[in-house]
Amino acid sequence: MRSGFLASRLLQAAVTITLIIILNFLLFRAMPGSPERILGRNPNVTPEILAAKREKWGLDKPVIPDQLVAYVSSTLQGDLGFSFVARGQTVVEVLAQRLPATLLLFGLGEVIAIFLGLALGAYSGWRRGGPIDYLGNGASLLLYSTPYFLLGMALLLIFATALGWFPTFGMLTAGETYASIWDRLFDLARHLVLPVATVALGLIGQYAIVMRSSIIETLSEDYITTARAKGLSSLFVLRRHAIPNAMLPTVTLIAINLGYVVAGAITVEVVFNWPGLGTLTVEALSARDYPVLQGVFLLLSVSVVLANLAADLVYGALDPRVRT
Amino acid sequence: MSGIPVAAAPRRAHRTTAVDRARDFLGRFLRRPDAIIGIVVMVVFTVFALIPTVLVGALQTAVTAEGPRLGPPQAGFPLGTDELGRSMVNLTIHASRISMVIGLLATLVTILVGAVVGIVSGFVGGRLDAILMRIADFFLVIPTFVLAIILTSLIRDALGTGSAEVFGIRVGLLVIVVVIGLTSWSSTARIIRSETLSLKERAFVDRARVIGAGPGHIMRRHVLPNVINLIVANAVLVFAGAVLTETTLSFVGLGDPFQPSWGQLLDSARGVGAPSLGAWWYFVPPGVCIVLVVFAFTLVGGALDDVLNPKRRGRR
């Protein structure tokens with residue numbers, strides 16, 4: 001049973017990733033400006049040269065299956081082509097330069113949001129109808145309705161421009177020389193506060209809403225009534241019986257939501273000029289650097305699929321009922 | 001005294017279908033304060049979207065701008081001005097129209113695709129259902145926003161940049177409508193499908209089939225009317241999502257400066273560095289509008305879902 005569950009989830013993830021690569025291929029084909037059209041503008045290019053080039057690039061072969069197979073196999077080997085804008089750099093190199101900044105920002109924001117969001121959700125669900133529930137639910141819905149970048153702009157205005165507590169942009173102060181690694185880290189931390197706070201605030205609302213309804217659902221289960229009837233204190237019931245069970249659906253929902261969260265993360269980076277994948281996306285978009293855009297899409301989609309796979313496996317390990 | 005209920009009883013039972021159900025629904029819906037707040041906000045913004053020119057005059061341009069550049073709120077410009085000297089009141093009200101119309105059209109596309117896929121998938125079942133739901137799951141998992149960015153940009157490059165208009169909206173912005181529709185139909189399809197699956201087992205569907213009705217007829221005349229409640233509740237929530245997506249797409253540079261939406265205004269505000277200059281009046285008005293509209297539609301959608309969806313009735 002256990003291995004069957006694992007295998008089916010792995011297969012599902014593999015199919016999704018294959019679909020993503022095929023979609024990327026189709027997008028590439030739909031792109032305006034084929035190589036031969038651009039070569040054809042040069043009057044010195046004879047039809048013979050064009051034919052030779054087409055053969056060299058494999059454009060003389062049928063789109064399906066030959067070109068598709070070539071594309072999929074080079075993608076699987078980590079060859080995503082060259083950036084149009086960053087001359088001579090491969091897409092993989094461009095992505096690798098930007099990935100750490102995004103991981104740092106996003107990872108920190110995610111962790112903070114998960115802790116605070118789940119705690120808030122669990123508490124409001126437990127004290128349903130109480131003042132914290134009322135306020136928390138309203139605040140969660142309001143945060144959920146606010147685009148991340150708007151939140152970021154407001155925080156930037158208040159804490160960086162008006163109060164001057166934090167720097168307004170970037171990851172490190174430009175042109176600064178540091179006496180020690182600690183000074184450097186401190187500068188980084190100061191730059192991190194506002195963007196991380198924005199990501200965390202944006203996510204807390206969603207997580208709290210999910211956790212709240214999950215807790216409410218769990219509290220109506222028979223085993224909770226049983227636990228109460230045994231005379232256990234309500235706090236004990238909440239901590240040992242309700243929260244662990246309510247966490248299960250929340251894990252999946254957090255993983256599924258990752259795909260949506262990516263959009264928010266992109267815009268937060270833009271607001272704070274954070275040199276990550278988000279600003280890269282917007283730069284590539286305004287320069288029509290399609291290979292980089294597709295690289296971003298591939299990287300983010302595969303990460304989200306893998307995160308979902310991980311969540312499924314964690315879920316399976318936690319809850320024996322789903323191992324089918 | 002005792003004769004009245006006896007006489008009224010059969011007639012009541014007969015009428016329960018339409019009028020009473022509508023009254024029951026309205027009564028339950030309007031008893032919720034969140035629904036009332038949501039409706040009020042929706043009405044206000046609908047008025048903004050319908051008659052912006054009556055309210056604040058024509059959309060100001062760089063030529064017709066009269067105010068100081070990036071001026072704070074002052075006499076004549078209660079919400080300040082942008083970097084061209086245009087009144088923020090004028091811009092924000094006109095942006096309501098663009099944001100709301102794009103949101104509405106995108107919702108229609110999303111709901112149309114989602115409802116058709118959901119009903120057909122649930123009703124026909126079998127291999128078609130498996131394939132369609134596999135695709136729906138694919139769109140649920142992947143970061144559709146990045147895909148939307150690429151698609152919008154590609155389609156615009158392919159169409160070329162014209163200034164043709166449909167419904168008073170420039171074609172470049174209509175691309176956004178189609179892209180939002182194509183990338184966000186899957187949750188609607190999932191919801192409608194699961195309802196269709198349970199409807200399919202009901203006696204009236206069997207009865208229609210026995211009479212000789214074809215699948216197309218049953219889907220249109222028996223399944224659709226029974227999922228329409230669900231579609232309406234979902235459409236309200238989809239609208240909130242569509243407005244947010246449009247805002248975000250415009251913010252990353254896919255808006256149209258000649259037909260600014262709220263997201264486009266926010267993009268311009270960021271472009272001139274409004275937050276670092278302390279020019280709060282440039283991004284607070286459009287920002288507040290977005291939050292209010294999305295919030296209102298989420299409240300109303302949630303309330304409708306609670307009231308219309310029998311599974312959720314009585315919870316909360």
# chains A, B, ... in the order shown; residues from 1 in each chain; ligands from 1
$ residues_around --residues "Ile155 (chain B)" --least-positions-apart "5" --cutoff "12 Å" --atoms "only C-alpha atoms" --output "MDAnalysis selection string"
(chainID A and resid 27 30:32) or (chainID B and resid 147:150 160:161 171:179 254)
$ write_last_selection --atoms "C-alpha atoms" --output "PDB file, in the first residue's frame"
ATOM      1  CA  LEU A  27       4.897  28.839 -26.172  1.00  0.00           C
ATOM      2  CA  ALA A  30       4.139  30.641 -30.771  1.00  0.00           C
ATOM      3  CA  MET A  31       6.790  33.291 -30.209  1.00  0.00           C
ATOM      4  CA  PRO A  32       6.946  35.947 -32.890  1.00  0.00           C
TER       5      PRO A  32
ATOM      6  CA  LEU B 147       2.043  31.930 -17.388  1.00  0.00           C
ATOM      7  CA  ALA B 148      -0.400  34.845 -17.674  1.00  0.00           C
ATOM      8  CA  ILE B 149       2.501  37.295 -17.975  1.00  0.00           C
ATOM      9  CA  ILE B 150       4.082  35.274 -20.791  1.00  0.00           C
ATOM     10  CA  GLY B 160       0.583  43.947 -32.894  1.00  0.00           C
ATOM     11  CA  THR B 161      -0.137  47.160 -31.051  1.00  0.00           C
ATOM     12  CA  VAL B 171      -7.633  45.365 -27.589  1.00  0.00           C
ATOM     13  CA  GLY B 172      -4.393  45.203 -25.599  1.00  0.00           C
ATOM     14  CA  LEU B 173      -6.443  45.155 -22.402  1.00  0.00           C
ATOM     15  CA  LEU B 174      -8.890  42.607 -23.783  1.00  0.00           C
ATOM     16  CA  VAL B 175      -5.936  40.255 -24.131  1.00  0.00           C
ATOM     17  CA  ILE B 176      -5.718  40.408 -20.338  1.00  0.00           C
ATOM     18  CA  VAL B 177      -9.390  39.417 -20.138  1.00  0.00           C
ATOM     19  CA  VAL B 178      -8.841  36.321 -22.251  1.00  0.00           C
ATOM     20  CA  VAL B 179      -5.641  35.366 -20.439  1.00  0.00           C
ATOM     21  CA  LEU B 254       1.112  45.046 -18.727  1.00  0.00           C
TER      22      LEU B 254
END
$ residues_around --residues "Val304 (chain A)" --least-positions-apart "2" --cutoff "9 Å" --atoms "only C-alpha atoms" --output "list of chain:residue names"
A:Ala255, A:Ile256, A:Leu258, A:Gly259, A:Leu299, A:Leu300, A:Ser301, A:Val302, A:Leu306, A:Ala307, A:Asn308, A:Leu309, B:Val141, B:Ile142, B:Pro143
$ closest_atom_pairs --of "chain A" --to "chain B" --cutoff "7 Å" --atoms "only C-alpha atoms" --output "tab-separated table"
residue	atom	partner	partner_atom	distance
A:Thr16	CA	B:Phe138	CA	6.4
A:Met31	CA	B:Leu154	CA	6.3
A:Pro32	CA	B:Ala158	CA	6.1
A:Leu141	CA	B:Phe295	CA	6.9
A:Leu142	CA	B:Phe295	CA	6.3
A:Ser145	CA	B:Phe295	CA	5.4
A:Thr146	CA	B:Val291	CA	5.3
A:Pro147	CA	B:Leu244	CA	6.8
A:Leu150	CA	B:Gly287	CA	6.5
A:Met153	CA	B:Pro275	CA	5.9
A:Leu156	CA	B:Pro275	CA	6.2
A:Leu157	CA	B:Pro275	CA	4.7
A:Thr161	CA	B:Ser276	CA	5.4
A:Thr168	CA	B:Ser276	CA	6.9
A:Ile256	CA	B:Val141	CA	6.0
A:Gly259	CA	B:Pro143	CA	4.0
A:Tyr260	CA	B:Pro143	CA	5.9
A:Val262	CA	B:Pro143	CA	6.5
A:Ala263	CA	B:Phe145	CA	5.6
A:Val282	CA	B:Val252	CA	6.0
A:Leu293	CA	B:Ile150	CA	6.9
A:Phe297	CA	B:Val146	CA	5.9
A:Leu300	CA	B:Pro143	CA	7.0
A:Ser301	CA	B:Ile142	CA	5.1
A:Val304	CA	B:Ile142	CA	6.7
A:Val305	CA	B:Val141	CA	6.8
$ select_by_dssp --residues "region 99-271 of chain B" --states "strand (DSSP E or B)" --output "count of residues only"
4
$ atom_distance --atom1 "CA of Val232 (chain B)" --atom2 "CA of Asp305 (chain B)"
8.9 Å
$ closest_residue --among "A:Leu19, A:Leu116, A:Val210, A:Leu285" --to "Phe84 (chain A)" --atoms "only C-alpha atoms"
A:Leu285
$ atom_distance --atom1 "CA of His191 (chain A)" --atom2 "CA of Trp274 (chain A)"
9.1 Å
$ select_by_dssp --residues "region 60-156 of chain B" --states "alpha helix (DSSP H)" --output "number ranges by chain"
B: 88-124, 126-141, 144-156
$ closest_residue --among "A:Glu269, A:Glu48, A:Asp312, A:Glu110" --to "Phe169 (chain A)" --atoms "only C-alpha atoms"
A:Glu269
$ residues_around --residues "Leu108 (chain B)" --least-positions-apart "5" --cutoff "9 Å" --atoms "only C-alpha atoms" --output "VMD selection string"
chain B and resid 103 113 181 235 239
$ write_last_selection --atoms "N, CA and C atoms" --output "CSV table (one decimal), in the first residue's frame"
chain,number,residue,atom,x,y,z
B,103,GLY,N,-12.6,43.3,-15.0
B,103,GLY,CA,-12.9,42.2,-14.0
B,103,GLY,C,-14.2,41.5,-14.4
B,113,VAL,N,-16.1,29.1,-19.3
B,113,VAL,CA,-15.2,28.0,-19.5
B,113,VAL,C,-15.3,27.0,-18.3
B,181,GLY,N,-9.2,34.6,-18.1
B,181,GLY,CA,-10.2,33.5,-18.3
B,181,GLY,C,-9.5,32.2,-18.5
B,235,ALA,N,-19.2,33.1,-9.2
B,235,ALA,CA,-18.8,34.2,-10.0
B,235,ALA,C,-18.4,35.5,-9.2
B,239,PHE,N,-14.9,37.2,-9.5
B,239,PHE,CA,-14.7,38.6,-9.9
B,239,PHE,C,-13.6,39.3,-9.0
$ atom_distance --atom1 "CA of Pro52 (chain B)" --atom2 "CA of Ile180 (chain B)"
25.0 Å
$ residues_around --residues "Val89 (chain B)" --least-positions-apart "5" --cutoff "8 Å" --atoms "only C-alpha atoms" --output "ChimeraX atom specification"
/B:56,77-80
$ write_last_selection --atoms "N, CA and C atoms" --output "mmCIF file, in the first residue's frame"
data_model
loop_
_atom_site.group_PDB
_atom_site.id
_atom_site.type_symbol
_atom_site.label_atom_id
_atom_site.label_comp_id
_atom_site.auth_asym_id
_atom_site.auth_seq_id
_atom_site.Cartn_x
_atom_site.Cartn_y
_atom_site.Cartn_z
ATOM 1 N N VAL B 56 -16.894 63.222 -12.675
ATOM 2 C CA VAL B 56 -15.658 64.007 -12.562
ATOM 3 C C VAL B 56 -15.173 64.571 -13.896
ATOM 4 N N PHE B 77 -7.933 70.060 -5.790
ATOM 5 C CA PHE B 77 -7.421 68.705 -5.990
ATOM 6 C C PHE B 77 -7.441 67.959 -4.652
ATOM 7 N N PRO B 78 -8.634 67.532 -4.226
ATOM 8 C CA PRO B 78 -8.784 66.964 -2.880
ATOM 9 C C PRO B 78 -7.911 65.735 -2.634
ATOM 10 N N LEU B 79 -7.515 65.026 -3.702
ATOM 11 C CA LEU B 79 -6.657 63.852 -3.494
ATOM 12 C C LEU B 79 -5.286 64.070 -4.140
ATOM 13 N N GLY B 80 -4.939 65.329 -4.396
ATOM 14 C CA GLY B 80 -3.623 65.592 -4.966
ATOM 15 C C GLY B 80 -3.566 65.325 -6.463
#
$ closest_residue --among "A:Lys230, A:Arg128, A:Arg240, A:Arg184" --to "Glu217 (chain A)" --atoms "only C-alpha atoms"
A:Arg128
$ closest_residue --among "A:Leu118, A:Ile266, A:Ala96, A:Val85" --to "Leu248 (chain A)" --atoms "only C-alpha atoms"
A:Leu118
$ closest_residue --among "B:Thr53, B:Gln259, B:Thr152, B:Thr81" --to "Glu66 (chain B)" --atoms "only C-alpha atoms"
B:Thr81
$ residues_around --residues "Gly114 (chain B)" --least-positions-apart "4" --cutoff "9 Å" --atoms "only C-alpha atoms" --output "list in words"
Val109, Thr110, Gly118, Ile119, Gly181, Ser184, Trp185, Ser186, Ser187, Thr188, Ala189, Arg190, Ile191 and Ile192 of chain B
